[in-house]
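Remarks on the structure that follows.
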Amino acid sequence: MSSQMVPTPSQPIVFMEHIQKTYWMGQQAFPALRDVSLSVAAGEYVAIIGPSGSGKSTTMHIMGCLDTPSAGLYQLDGYDVSKLSDDDLALLRNQKIGFVFQSFNLLSRTSAIENVELPMLYAGVPAKVRHQRAQDALVQVGLESRMHHKPNELSGGQQQRVAIARALVTHPALILADEPTGALDSQSTEEIMGLFQNLHDQGNAIVMVTHELDVAHHAHRIISFKDGVVQSDVPNPDFLRRPAPAAQQLEGGGY
Ligand code: ADP
Ligand code: MG
């Protein structure tokens with residue numbers, strides 16, 4: 001990474017301030033994001049909810065550096081992304097972010113393990129290390145017996161587990177998931193939510209877009225979008241009510 005890439009110390013992993021995104025269709029401007037300010041601390045688990053068309057995916061694309069805002073500031077882990085060259089931005093994205101999409105986005109003619117190796121191929125990790133890490137990631141998501149299967153030989157839930165292994169294999173600080181359970185049955189949804197919970201327990205920040213309130217309620221904080229703005233941004237009351245197992249163990253159950 002070039003020497004100009006100096007991060008601002010102790011910034012949250014995601015910091016968005018007055019973000020706007022306008023799409024142009026001919027002469028017609030469409031404001032998909034009108035004024036979005038939000039931040040996500042390292043290790044936090046956040047759900048984004050809101051009606052279709054409210055700007056959730058647009059926000060995720062900007063967060064993931066797949067798209068740029070029309071106005072406003074976006075800092076990823078302290079780096080102002082508008083100041084980075086394309087190469088530095090690609091490198092930062094590859095190091096910091098893992099993506100999980102509703103439609104899995106796996107390469108169809110490629111085995112599970114080769115799919116998981118891909119982000120490391122782009123990052124220039126040697127083949128042997130790549131293979132070992134991909135294997136470990138697939139074990140972590142419970143797919144040790146399916147490593148050499150192609151996507152069409154796997155169920156939807158299994159394909160999403162491959163996609164999660166691909167997202168976590170680079171040890172990203174931030175995992176972005178846009179409707180990751182939108183194409184899955186309820187049993188697979190539960191399994192996938194369990195995996196996200198594990199990732200969160202290991203210290204990854206997670207931002208997840210979801211339609212399903214059941215899914216949103218796994219998160220610590222729920223941000224609700226409407227018409228291209230943040231309508232509310234509140235701690236998840238269910239989560240606050242639940243006892244924190246780690247804290248209980250450490251402190252003998254006392255708060
Ligand atoms: P959500 O994910 O909440 O359903 P999106 O962020 O995908 O919403 O879209 C927000 C709005 O921006 C929608 O009205 C959508 O039609 C519009 N939009 C999204 N992408 C584009 C695009 N590439 N060109 C034009 N309009 C777009
Ligand atoms: Mg969307």
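Ordering of the structure tokens sets the chain letters (A, B, ...), residue numbers begin anew at 1 in every chain, and ligands are numbered from 1 in the order given.
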
Task: Neighbourhood of ligand 2 at 8 Å, counting only C-alpha atoms and all ligand atoms, reported as a PyMOL selection string - done: chain A and resi 52-53+55-58+178-179+209

TODO: Skip His200 of chain A itself and residues of its chain fewer than 2 positions away, then list as a ChimeraX atom specification all residues within 10 Å of it, counting only C-alpha atoms.
DONE: /A:43-45,174-175,194-198,202-206,219

Please produce a file of the residues just selected, as a PDB file, in the first residue's frame, where the atoms kept are N, CA, C and O atoms.
```pdb
ATOM      1  N   GLY A  43     -15.905  -4.684  15.316  1.00  0.00           N
ATOM      2  CA  GLY A  43     -16.506  -5.785  16.068  1.00  0.00           C
ATOM      3  C   GLY A  43     -18.006  -5.686  16.285  1.00  0.00           C
ATOM      4  O   GLY A  43     -18.603  -6.578  16.884  1.00  0.00           O
ATOM      5  N   GLU A  44     -18.640  -4.633  15.796  1.00  0.00           N
ATOM      6  CA  GLU A  44     -20.076  -4.468  16.020  1.00  0.00           C
ATOM      7  C   GLU A  44     -20.899  -5.329  15.045  1.00  0.00           C
ATOM      8  O   GLU A  44     -20.415  -5.678  13.974  1.00  0.00           O
ATOM      9  N   TYR A  45     -22.130  -5.640  15.419  1.00  0.00           N
ATOM     10  CA  TYR A  45     -23.028  -6.435  14.575  1.00  0.00           C
ATOM     11  C   TYR A  45     -24.292  -5.601  14.341  1.00  0.00           C
ATOM     12  O   TYR A  45     -25.068  -5.378  15.260  1.00  0.00           O
ATOM     13  N   LEU A 174     -14.380  -6.430   8.391  1.00  0.00           N
ATOM     14  CA  LEU A 174     -15.788  -6.101   8.161  1.00  0.00           C
ATOM     15  C   LEU A 174     -16.405  -7.096   7.189  1.00  0.00           C
ATOM     16  O   LEU A 174     -15.875  -7.314   6.097  1.00  0.00           O
ATOM     17  N   ILE A 175     -17.522  -7.692   7.600  1.00  0.00           N
ATOM     18  CA  ILE A 175     -18.262  -8.571   6.690  1.00  0.00           C
ATOM     19  C   ILE A 175     -19.563  -7.883   6.322  1.00  0.00           C
ATOM     20  O   ILE A 175     -20.329  -7.457   7.193  1.00  0.00           O
ATOM     21  N   GLY A 194     -26.349 -18.748  12.627  1.00  0.00           N
ATOM     22  CA  GLY A 194     -25.408 -19.282  13.605  1.00  0.00           C
ATOM     23  C   GLY A 194     -23.965 -19.005  13.189  1.00  0.00           C
ATOM     24  O   GLY A 194     -23.121 -18.636  14.014  1.00  0.00           O
ATOM     25  N   LEU A 195     -23.701 -19.145  11.886  1.00  0.00           N
ATOM     26  CA  LEU A 195     -22.341 -18.880  11.389  1.00  0.00           C
ATOM     27  C   LEU A 195     -21.972 -17.413  11.546  1.00  0.00           C
ATOM     28  O   LEU A 195     -20.853 -17.078  11.952  1.00  0.00           O
ATOM     29  N   PHE A 196     -22.915 -16.528  11.230  1.00  0.00           N
ATOM     30  CA  PHE A 196     -22.629 -15.097  11.407  1.00  0.00           C
ATOM     31  C   PHE A 196     -22.372 -14.789  12.885  1.00  0.00           C
ATOM     32  O   PHE A 196     -21.518 -13.979  13.211  1.00  0.00           O
ATOM     33  N   GLN A 197     -23.124 -15.466  13.755  1.00  0.00           N
ATOM     34  CA  GLN A 197     -22.905 -15.268  15.182  1.00  0.00           C
ATOM     35  C   GLN A 197     -21.475 -15.678  15.572  1.00  0.00           C
ATOM     36  O   GLN A 197     -20.794 -14.960  16.305  1.00  0.00           O
ATOM     37  N   ASN A 198     -21.018 -16.821  15.026  1.00  0.00           N
ATOM     38  CA  ASN A 198     -19.625 -17.245  15.297  1.00  0.00           C
ATOM     39  C   ASN A 198     -18.621 -16.212  14.819  1.00  0.00           C
ATOM     40  O   ASN A 198     -17.650 -15.905  15.506  1.00  0.00           O
ATOM     41  N   GLN A 202     -15.899 -13.995  16.956  1.00  0.00           N
ATOM     42  CA  GLN A 202     -14.449 -13.952  16.699  1.00  0.00           C
ATOM     43  C   GLN A 202     -13.934 -12.533  16.482  1.00  0.00           C
ATOM     44  O   GLN A 202     -12.758 -12.336  16.195  1.00  0.00           O
ATOM     45  N   GLY A 203     -14.830 -11.545  16.554  1.00  0.00           N
ATOM     46  CA  GLY A 203     -14.369 -10.157  16.500  1.00  0.00           C
ATOM     47  C   GLY A 203     -14.591  -9.432  15.187  1.00  0.00           C
ATOM     48  O   GLY A 203     -14.189  -8.291  15.035  1.00  0.00           O
ATOM     49  N   ASN A 204     -15.215 -10.111  14.194  1.00  0.00           N
ATOM     50  CA  ASN A 204     -15.506  -9.433  12.937  1.00  0.00           C
ATOM     51  C   ASN A 204     -16.686  -8.481  13.110  1.00  0.00           C
ATOM     52  O   ASN A 204     -17.670  -8.835  13.753  1.00  0.00           O
ATOM     53  N   ALA A 205     -16.590  -7.287  12.532  1.00  0.00           N
ATOM     54  CA  ALA A 205     -17.770  -6.428  12.437  1.00  0.00           C
ATOM     55  C   ALA A 205     -18.649  -6.975  11.318  1.00  0.00           C
ATOM     56  O   ALA A 205     -18.140  -7.439  10.297  1.00  0.00           O
ATOM     57  N   ILE A 206     -19.966  -6.955  11.528  1.00  0.00           N
ATOM     58  CA  ILE A 206     -20.900  -7.449  10.517  1.00  0.00           C
ATOM     59  C   ILE A 206     -21.960  -6.392  10.253  1.00  0.00           C
ATOM     60  O   ILE A 206     -22.517  -5.821  11.198  1.00  0.00           O
ATOM     61  N   ALA A 219     -28.787  -9.078  15.537  1.00  0.00           N
ATOM     62  CA  ALA A 219     -27.802  -7.979  15.557  1.00  0.00           C
ATOM     63  C   ALA A 219     -27.907  -7.174  16.848  1.00  0.00           C
ATOM     64  O   ALA A 219     -28.907  -7.240  17.560  1.00  0.00           O
TER      65      ALA A 219
END
```

Task: All helix (DSSP H, G or I) residues (DSSP, backbone) inside segment 6-149 of chain A, as a PyMOL selection string - done: chain A and resi 56-63+81-83+86-96+112-122+127-140+144-146

TODO: Name each residue within 9 Å of ligand 1, counting only C-alpha atoms and all ligand atoms, as a VMD selection string.
DONE: chain A and resid 21 to 25 29 to 33 49 to 61 178 to 179 209 225 to 228

TODO: Run DSSP on the backbone and give me the residues of segment 174-204 of chain A it puts in strand (DSSP E or B), as a list in words.
DONE: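 Selection result, strand (DSSP E or B) within segment 174-204 of chain A: Leu174, Ile175, Leu176, Ala177 and Asp178 of chain A.
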
Restricting it to N, CA and C atoms, dump the selection as an mmCIF file, in the first residue's frame.
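Result written to selection.cif:
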```
data_model
loop_
_atom_site.group_PDB
_atom_site.id
_atom_site.type_symbol
_atom_site.label_atom_id
_atom_site.label_comp_id
_atom_site.auth_asym_id
_atom_site.auth_seq_id
_atom_site.Cartn_x
_atom_site.Cartn_y
_atom_site.Cartn_z
ATOM 1 N N LEU A 174 -14.380 -6.430 8.391
ATOM 2 C CA LEU A 174 -15.788 -6.101 8.161
ATOM 3 C C LEU A 174 -16.405 -7.096 7.189
ATOM 4 N N ILE A 175 -17.522 -7.692 7.600
ATOM 5 C CA ILE A 175 -18.262 -8.571 6.690
ATOM 6 C C ILE A 175 -19.563 -7.883 6.322
ATOM 7 N N LEU A 176 -19.792 -7.745 5.026
ATOM 8 C CA LEU A 176 -21.005 -7.111 4.523
ATOM 9 C C LEU A 176 -21.877 -8.183 3.896
ATOM 10 N N ALA A 177 -23.128 -8.261 4.329
ATOM 11 C CA ALA A 177 -24.021 -9.292 3.816
ATOM 12 C C ALA A 177 -25.340 -8.627 3.398
ATOM 13 N N ASP A 178 -25.682 -8.734 2.108
ATOM 14 C CA ASP A 178 -26.904 -8.112 1.596
ATOM 15 C C ASP A 178 -27.957 -9.204 1.384
#
```

TODO: Just the residues within 9 Å of segment 104-107 of chain A, please, counting only C-alpha atoms, with nothing from its chain fewer than 5 positions along; format it as a list in words.
DONE: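 Surrounding residues, per the criterion: Ala112, Glu114, Asn115, Lys150, Pro151, Gly156, Gln159, Gln160, Arg161, Val162, Ala163, Ile164 and Pro180 of chain A.
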
Task: Atomic separation - atom CA of Met120 of chain A relative to atom CA of Leu91 of chain A, Å - done: 11.4 Å

Task: Who sits within 12 Å of Met16 of chain A, only C-alpha atoms, same chain under 2 positions skipped, as a ChimeraX atom specification - done: /A:11-14,18-20,33,35-41,59-60,62-64,68-69,71-81,230

- [ ] Choose the residue, out of A:Val116, A:Ala216, A:Ala42, A:Ile97, that has the smallest atom-to-atom separation from Pro172 of chain A; count only C-alpha atoms.
- [x]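 Residue with the minimum atom-to-atom distance to Pro172 of chain A: A:Ile97.
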
- [ ] Could you give me, as a VMD selection string, the residues within 8 Å of Pro119 of chain A, counting only C-alpha atoms and dropping anything in the same chain fewer than 2 positions from it?
- [x] chain A and resid 94 116 to 117 121 to 123 166 169 to 170
